[in-house]
Amino acid sequence: MIIKYLSSIFPFLEWLRGYSSSDLRRDLTGGLTVALVLIPQSMAYAQLAGLPAYYGLYAALLPPIVASLFGSSRQLATGPVAVVSLMTATALEPLATAGSESFIAYAILLALLVGIFQFLLGIVKLGLIVNFLSHPVVSGFTSAAALIIASSQLSKLFGVYVDKGEHHYETIYSVLREAIAFTHWPTLALAVFAFATMIVLRRINPRIPSVLIAVVATTVISWATGFEQTTKITIEQIGSEKVHGLIDGFNEVASSIDNKATKRVSLRLRCDSLINTWGEFDQRVLTCEHKIRLLNLELNELDEQAKEYRASLRRCQLIALDDVSDPPRFFLNSELPPGEENDSKSWRLRIGNGRLDINSLIMSSGGAVVGIIPEGLPKLKTPTLDFSVVLNLLPIAVIISLLGFMEAISIAKAMAARTGQRLDVNQELMGQGLANIVGAFGQSYAVSGSFSRSAVNIQAGAVTGLSNVISSLVVVVTLLLFTPLLYHLPQAVLAAIIMMAVVGLLDLKSFIHAWKAQWYDGLIGITTFVCTLMFAPHLDRGIMIGVVLSLVLYLIRNMKPVIAMLSLHSDGTYRNRSVFDLKQCPYIAVIRYAGSLIFSNVNYLENQVIETVRCMPELRHVLIVGNGINELDASGVDALSVLIDRLHGQGLQFSVSGLNDAVLDVLKRTGLAAKIGENNFHRNVSRALESIWEKAHVNSTEQKCPLRDRPFNPWPIADEAKKAIQAKMETDHLNKPDDSAEKQ
């Protein structure tokens with residue numbers, strides 16, 4: 001009992017049962033193999049989340065260990081994943097600038113919120129709440145997210161820089177427009193080389209670490225060719241008044257944005273204080289909120305001006321003069337002094353969202369690389385708690401929690417079916433929650449189970465979660481010893497890794513499959529897919545529309561369950577008479593009701609029965625086939641009682657068949673069973689008709705009853721058989737001797 005109790009708290013103790021040296025070798029192989037994919041992927045996904053690349057390594061450090069120790073799946077590889085990374089970026093973009101200190105702090109706080117929500121769901125055993133995200137919704141969302149993720153990497157692929165638009169398609173249009181004129185060809189060439197390397201090696205042997213080989217090869221090429229070419233200059237080294245004016249104008253706008261943003265923060269604090277003192281509708285509060293709204297409008301205008309300045313500065317292609325005695329001077333191509341020699345390189349100004357330091361401007365004529373990665377392990381520290389930010393992040397944290405866990409549990413179930421291990425959904429939920437909580441203290445952003453790395457893990461032969469612990473230890477070694485080697489890794493290669501990884505998420509065939517199963521499932525999937533693409537980067541809107549549509553269609557289906565009139569089929573069963581073109585007995589109405597009888601649909605059943613009574617003037621008995629009634633609430637009981645009274649008032653008898661024990665218990669507790677009568681309850685349709693047929697057919701003029709006499713239905717002749725018979729008859733006719741010739 002003690003061992004069983006400890007195993008429920010510490011699931012990793014189950015690994016020790018029968019663990020052998022061969023298992024250790026397999027786990028070691030699996031862990032090392034996964035690490036080769038984990039390191040480059042985690043860095044790529046961190047950039048997708050809007051974070052510096054090395055935060056992906058931080059997310060690959062503690063979360064995989066904790067998830068393996070406290071989850072129920074032994075092969076699930078937890079860490080940074082594409083969809084959660086994208087949703088992290090979209091959740092934080094309205095709150096802070098990507099890559100800034102505030103952005104990083106909010107990402108860590110979001111991971112903490114996600115972990116707490118997942119852990120609490122697991123504690124109270126509400127893992128089944130993920131069922132609110134139906135398969136069509138998740139399929140539509142992930143397919144749309146795959147397109148969004150892949151297209152979001154196009155700017156890094158072409159080596160261009162653009163500001164993000166209000167909608168994702170506007171951003172993509174801007175990227176393509178810039179790429180036509182300003183593509184950095186060495187960047188694109190390295191990305192194409194990375195694509196080709198990964199595709200070819202995967203086709204040769206999927207077990208080859210194609211991602212790692214592509215990373216090593218391109219990093220060596222980047223280092224050997226001087227792919228990153230940057231230099232710091234002062235504004236005096238730029239010999240263009242036009243560029244000077246653009247820099248001054250941008251800095252002026254950026255300063256105004258900083259000042260007004262600071263003023264807005266102080267006004268917000270003052271407004272909160274006034275609300276606590278005087279209430280929401282005090283005139284001083286309303287005046288303060290009005291000032292905040294005006295500031296928001298001014299900030300929006302300034303943001304648009306800043307975007308225009310950034311776009312103009314990014315389009316400025318400068319040329320450096322060959323002057324070895326003095327610091328290099330830069331001119332626009334159209335303003336180049338006559339007779340001066342230049343380096344024939346196209347230099348551009350690196351520009352972000354903040355003010356430009358005119359004494360330390362960064363010029364670049366090369367491609368973007370990962371850059372400096374801090375050596376050593378991240379420090380453990382408590383995430384910064386800002387309750388105003390917590391309230392903003394809470395809705396998206398819930399969505400990320402459910403979506404991330406559903407992705408993880410889907411992968412875990414697939415692997416459990418293959419290995420035969422027992423999977424505890426609630427334990428896995430607690431494991432994922434603890435992974436995010438502990439990871440937040442280790443400066444990790446939100447993580448989940450990875451499909452690609454889990455597949456690699458199980459293919460490599462891993463048998464326990466120790467393989468994931470080994471993967472994290474490899475990350476530790478990388479952070480301690482090998483971070484300088486990652487400096488020259490091109491960001492375009494990370495973009496290629498992301499695009500290759502999300503190809504498997506795009507599953508358009510699932511829409512066709514869902515439509516064939518039920519048209520409304522296909523509609524839900526397609527609607528979620530389209531809305532997610534339309535509202536991107538606001539991904540939460542797409543998935544919420546899918547969830548709401550699922551619930552609405554579910555309620556509509558429950559409001560009008562399938563009701564069918566039954567008659568005897570030629571095979572001896574009772575079938576839907578309208579579908580199989582069966583005759584109807586005029587004295588007995590056998591009505592099959594396929595749905596729960598609850599508040600949302602009670603009137604529908606009553607209306608259908610009354611309409612049937614109206615259309616059958618000789619009707620004597622109504623039999624409700626209730627095999628599909630799984631739930632009966634108070635509204636259903638009342639409606640059923642009223643219906644029985646109406647039928648009895650018209651001289652009609654009433655009986656039911658096929659009710660399950662739960663429904664019968666409700667009828668007994670409410671006294672409706674006594675009103676119906678014990679003799680009017682039957683186990684199935686056949687026994688019900690045996691009991692009521694004679695009485696319902698007293699003085700009947702019916703020759704053959706469709707409820708007793710099977711209809712004659714000869715076996716249909718297949719089309720091929722018909723054609724063969726017809727061909728045989730024609731052949732026999734042609735070969736038949738001529739009677740007239742015989743007579744002659």
# chains A, B, ... in the order shown; residues from 1 in each chain; ligands from 1
$ residues_around --residues "region 670-683 of chain A" --least-positions-apart "5" --cutoff "7 Å" --atoms "only C-alpha atoms" --output "list in words"
Ser641, Ser655, Val656, Ser657, Gly658 and Ala688 of chain A
$ write_last_selection --atoms "C-alpha atoms" --output "mmCIF file, in the first residue's frame"
data_model
loop_
_atom_site.group_PDB
_atom_site.id
_atom_site.type_symbol
_atom_site.label_atom_id
_atom_site.label_comp_id
_atom_site.auth_asym_id
_atom_site.auth_seq_id
_atom_site.Cartn_x
_atom_site.Cartn_y
_atom_site.Cartn_z
ATOM 1 C CA SER A 641 -46.685 14.051 -17.968
ATOM 2 C CA SER A 655 -46.393 3.034 -23.507
ATOM 3 C CA VAL A 656 -42.601 3.162 -23.665
ATOM 4 C CA SER A 657 -39.814 0.682 -24.403
ATOM 5 C CA GLY A 658 -36.065 0.451 -24.027
ATOM 6 C CA ALA A 688 -44.056 -4.010 -26.516
#
$ select_by_dssp --residues "region 333-495 of chain A" --states "strand (DSSP E)" --output "list in words"
Arg348, Leu349, Leu361, Ile362, Met363, Ser364, Ser448, Gly449 and Ser450 of chain A
$ closest_residue --among "A:Val265, A:Lys242, A:Ile437, A:Gln491" --to "Glu228 (chain A)" --atoms "only C-alpha atoms"
A:Gln491
$ select_by_dssp --residues "region 441-680 of chain A" --states "helix (DSSP H, G or I)" --output "number ranges by chain"
A: 441, 451-459, 466-486, 491-505, 509-517, 519-535, 539-559, 577-580, 602-615, 634-649, 661-670, 672-676, 678-680
$ residues_around --residues "region 607-619 of chain A" --least-positions-apart "5" --cutoff "9 Å" --atoms "only C-alpha atoms" --output "list in words"
Ile563, Cys585, Pro586, Tyr587, Ile588, Ala589, Ile591, Val602, Leu643, Arg646, Leu647, Leu652 and Ala696 of chain A
$ atom_distance --atom1 "CA of Met430 (chain A)" --atom2 "CA of Tyr45 (chain A)"
23.6 Å
$ closest_residue --among "A:Arg541, A:His488, A:Lys509, A:Arg350" --to "Pro136 (chain A)" --atoms "only C-alpha atoms"
A:Lys509
$ residues_around --residues "Leu57 (chain A)" --least-positions-apart "6" --cutoff "8 Å" --atoms "only C-alpha atoms" --output "ChimeraX atom specification"
/A:39,42-43,475,479
$ closest_residue --among "A:Ile372, A:Leu157, A:Ala460, A:Leu120" --to "Pro209 (chain A)" --atoms "only C-alpha atoms"
A:Ala460
$ closest_residue --among "A:Leu112, A:Ala261, A:Ala492, A:Ile498" --to "Leu297 (chain A)" --atoms "only C-alpha atoms"
A:Ala261
$ atom_distance --atom1 "CA of Met544 (chain A)" --atom2 "CA of Val114 (chain A)"
17.5 Å
$ closest_atom_pairs --of "region 108-197 of chain A" --to "region 358-371 of chain A" --cutoff "10 Å" --atoms "only C-alpha atoms" --output "Markdown table"
| residue | atom | partner | partner_atom | distance |
| --- | --- | --- | --- | --- |
| A:Lys156 | CA | A:Ala368 | CA | 8.1 |
| A:Phe158 | CA | A:Gly367 | CA | 9.7 |
| A:Gly159 | CA | A:Gly367 | CA | 6.7 |
| A:Val160 | CA | A:Gly367 | CA | 9.5 |
| A:His184 | CA | A:Gly367 | CA | 7.3 |
| A:Trp185 | CA | A:Gly367 | CA | 9.2 |
| A:Pro186 | CA | A:Gly367 | CA | 7.3 |
| A:Thr187 | CA | A:Gly367 | CA | 5.7 |
| A:Leu188 | CA | A:Gly367 | CA | 9.4 |
| A:Leu190 | CA | A:Gly367 | CA | 9.8 |
$ write_last_selection --atoms "N, CA and C atoms" --output "PDB file, in the first residue's frame"
ATOM      1  N   LYS A 156      12.586  36.425 -42.172  1.00  0.00           N
ATOM      2  CA  LYS A 156      13.931  35.929 -41.848  1.00  0.00           C
ATOM      3  C   LYS A 156      14.515  35.137 -43.005  1.00  0.00           C
ATOM      4  N   PHE A 158      14.042  35.762 -46.219  1.00  0.00           N
ATOM      5  CA  PHE A 158      14.503  36.682 -47.259  1.00  0.00           C
ATOM      6  C   PHE A 158      15.468  37.737 -46.723  1.00  0.00           C
ATOM      7  N   GLY A 159      15.617  37.807 -45.402  1.00  0.00           N
ATOM      8  CA  GLY A 159      16.534  38.787 -44.822  1.00  0.00           C
ATOM      9  C   GLY A 159      16.019  40.207 -44.883  1.00  0.00           C
ATOM     10  N   VAL A 160      14.698  40.382 -44.763  1.00  0.00           N
ATOM     11  CA  VAL A 160      14.104  41.726 -44.773  1.00  0.00           C
ATOM     12  C   VAL A 160      13.441  41.993 -43.431  1.00  0.00           C
ATOM     13  N   HIS A 184      18.042  39.642 -49.265  1.00  0.00           N
ATOM     14  CA  HIS A 184      19.472  39.425 -49.016  1.00  0.00           C
ATOM     15  C   HIS A 184      19.788  38.019 -49.495  1.00  0.00           C
ATOM     16  N   TRP A 185      20.432  37.929 -50.651  1.00  0.00           N
ATOM     17  CA  TRP A 185      20.593  36.645 -51.324  1.00  0.00           C
ATOM     18  C   TRP A 185      21.431  35.640 -50.541  1.00  0.00           C
ATOM     19  N   PRO A 186      22.499  36.021 -49.862  1.00  0.00           N
ATOM     20  CA  PRO A 186      23.217  35.029 -49.047  1.00  0.00           C
ATOM     21  C   PRO A 186      22.336  34.417 -47.951  1.00  0.00           C
ATOM     22  N   THR A 187      21.460  35.235 -47.366  1.00  0.00           N
ATOM     23  CA  THR A 187      20.535  34.717 -46.347  1.00  0.00           C
ATOM     24  C   THR A 187      19.599  33.682 -46.950  1.00  0.00           C
ATOM     25  N   LEU A 188      19.024  34.011 -48.095  1.00  0.00           N
ATOM     26  CA  LEU A 188      18.109  33.083 -48.765  1.00  0.00           C
ATOM     27  C   LEU A 188      18.849  31.810 -49.187  1.00  0.00           C
ATOM     28  N   LEU A 190      21.473  30.359 -47.735  1.00  0.00           N
ATOM     29  CA  LEU A 190      21.705  29.502 -46.574  1.00  0.00           C
ATOM     30  C   LEU A 190      20.419  28.803 -46.145  1.00  0.00           C
TER      31      LEU A 190
END
$ closest_residue --among "A:Trp515, A:Tyr173, A:Phe195, A:Phe529" --to "Thr142 (chain A)" --atoms "only C-alpha atoms"
A:Phe529
$ residues_around --residues "Val493 (chain A)" --least-positions-apart "5" --cutoff "8 Å" --atoms "only C-alpha atoms" --output "list in words"
Leu157, Leu190, Ala191, Ala194, Ala214, Val215 and Thr218 of chain A
$ residues_around --residues "Met406 (chain A)" --least-positions-apart "2" --cutoff "12 Å" --atoms "only C-alpha atoms" --output "ChimeraX atom specification"
/A:83-84,118,127-135,137-139,142,399-404,408-413,425-426,428-429,432,448-451
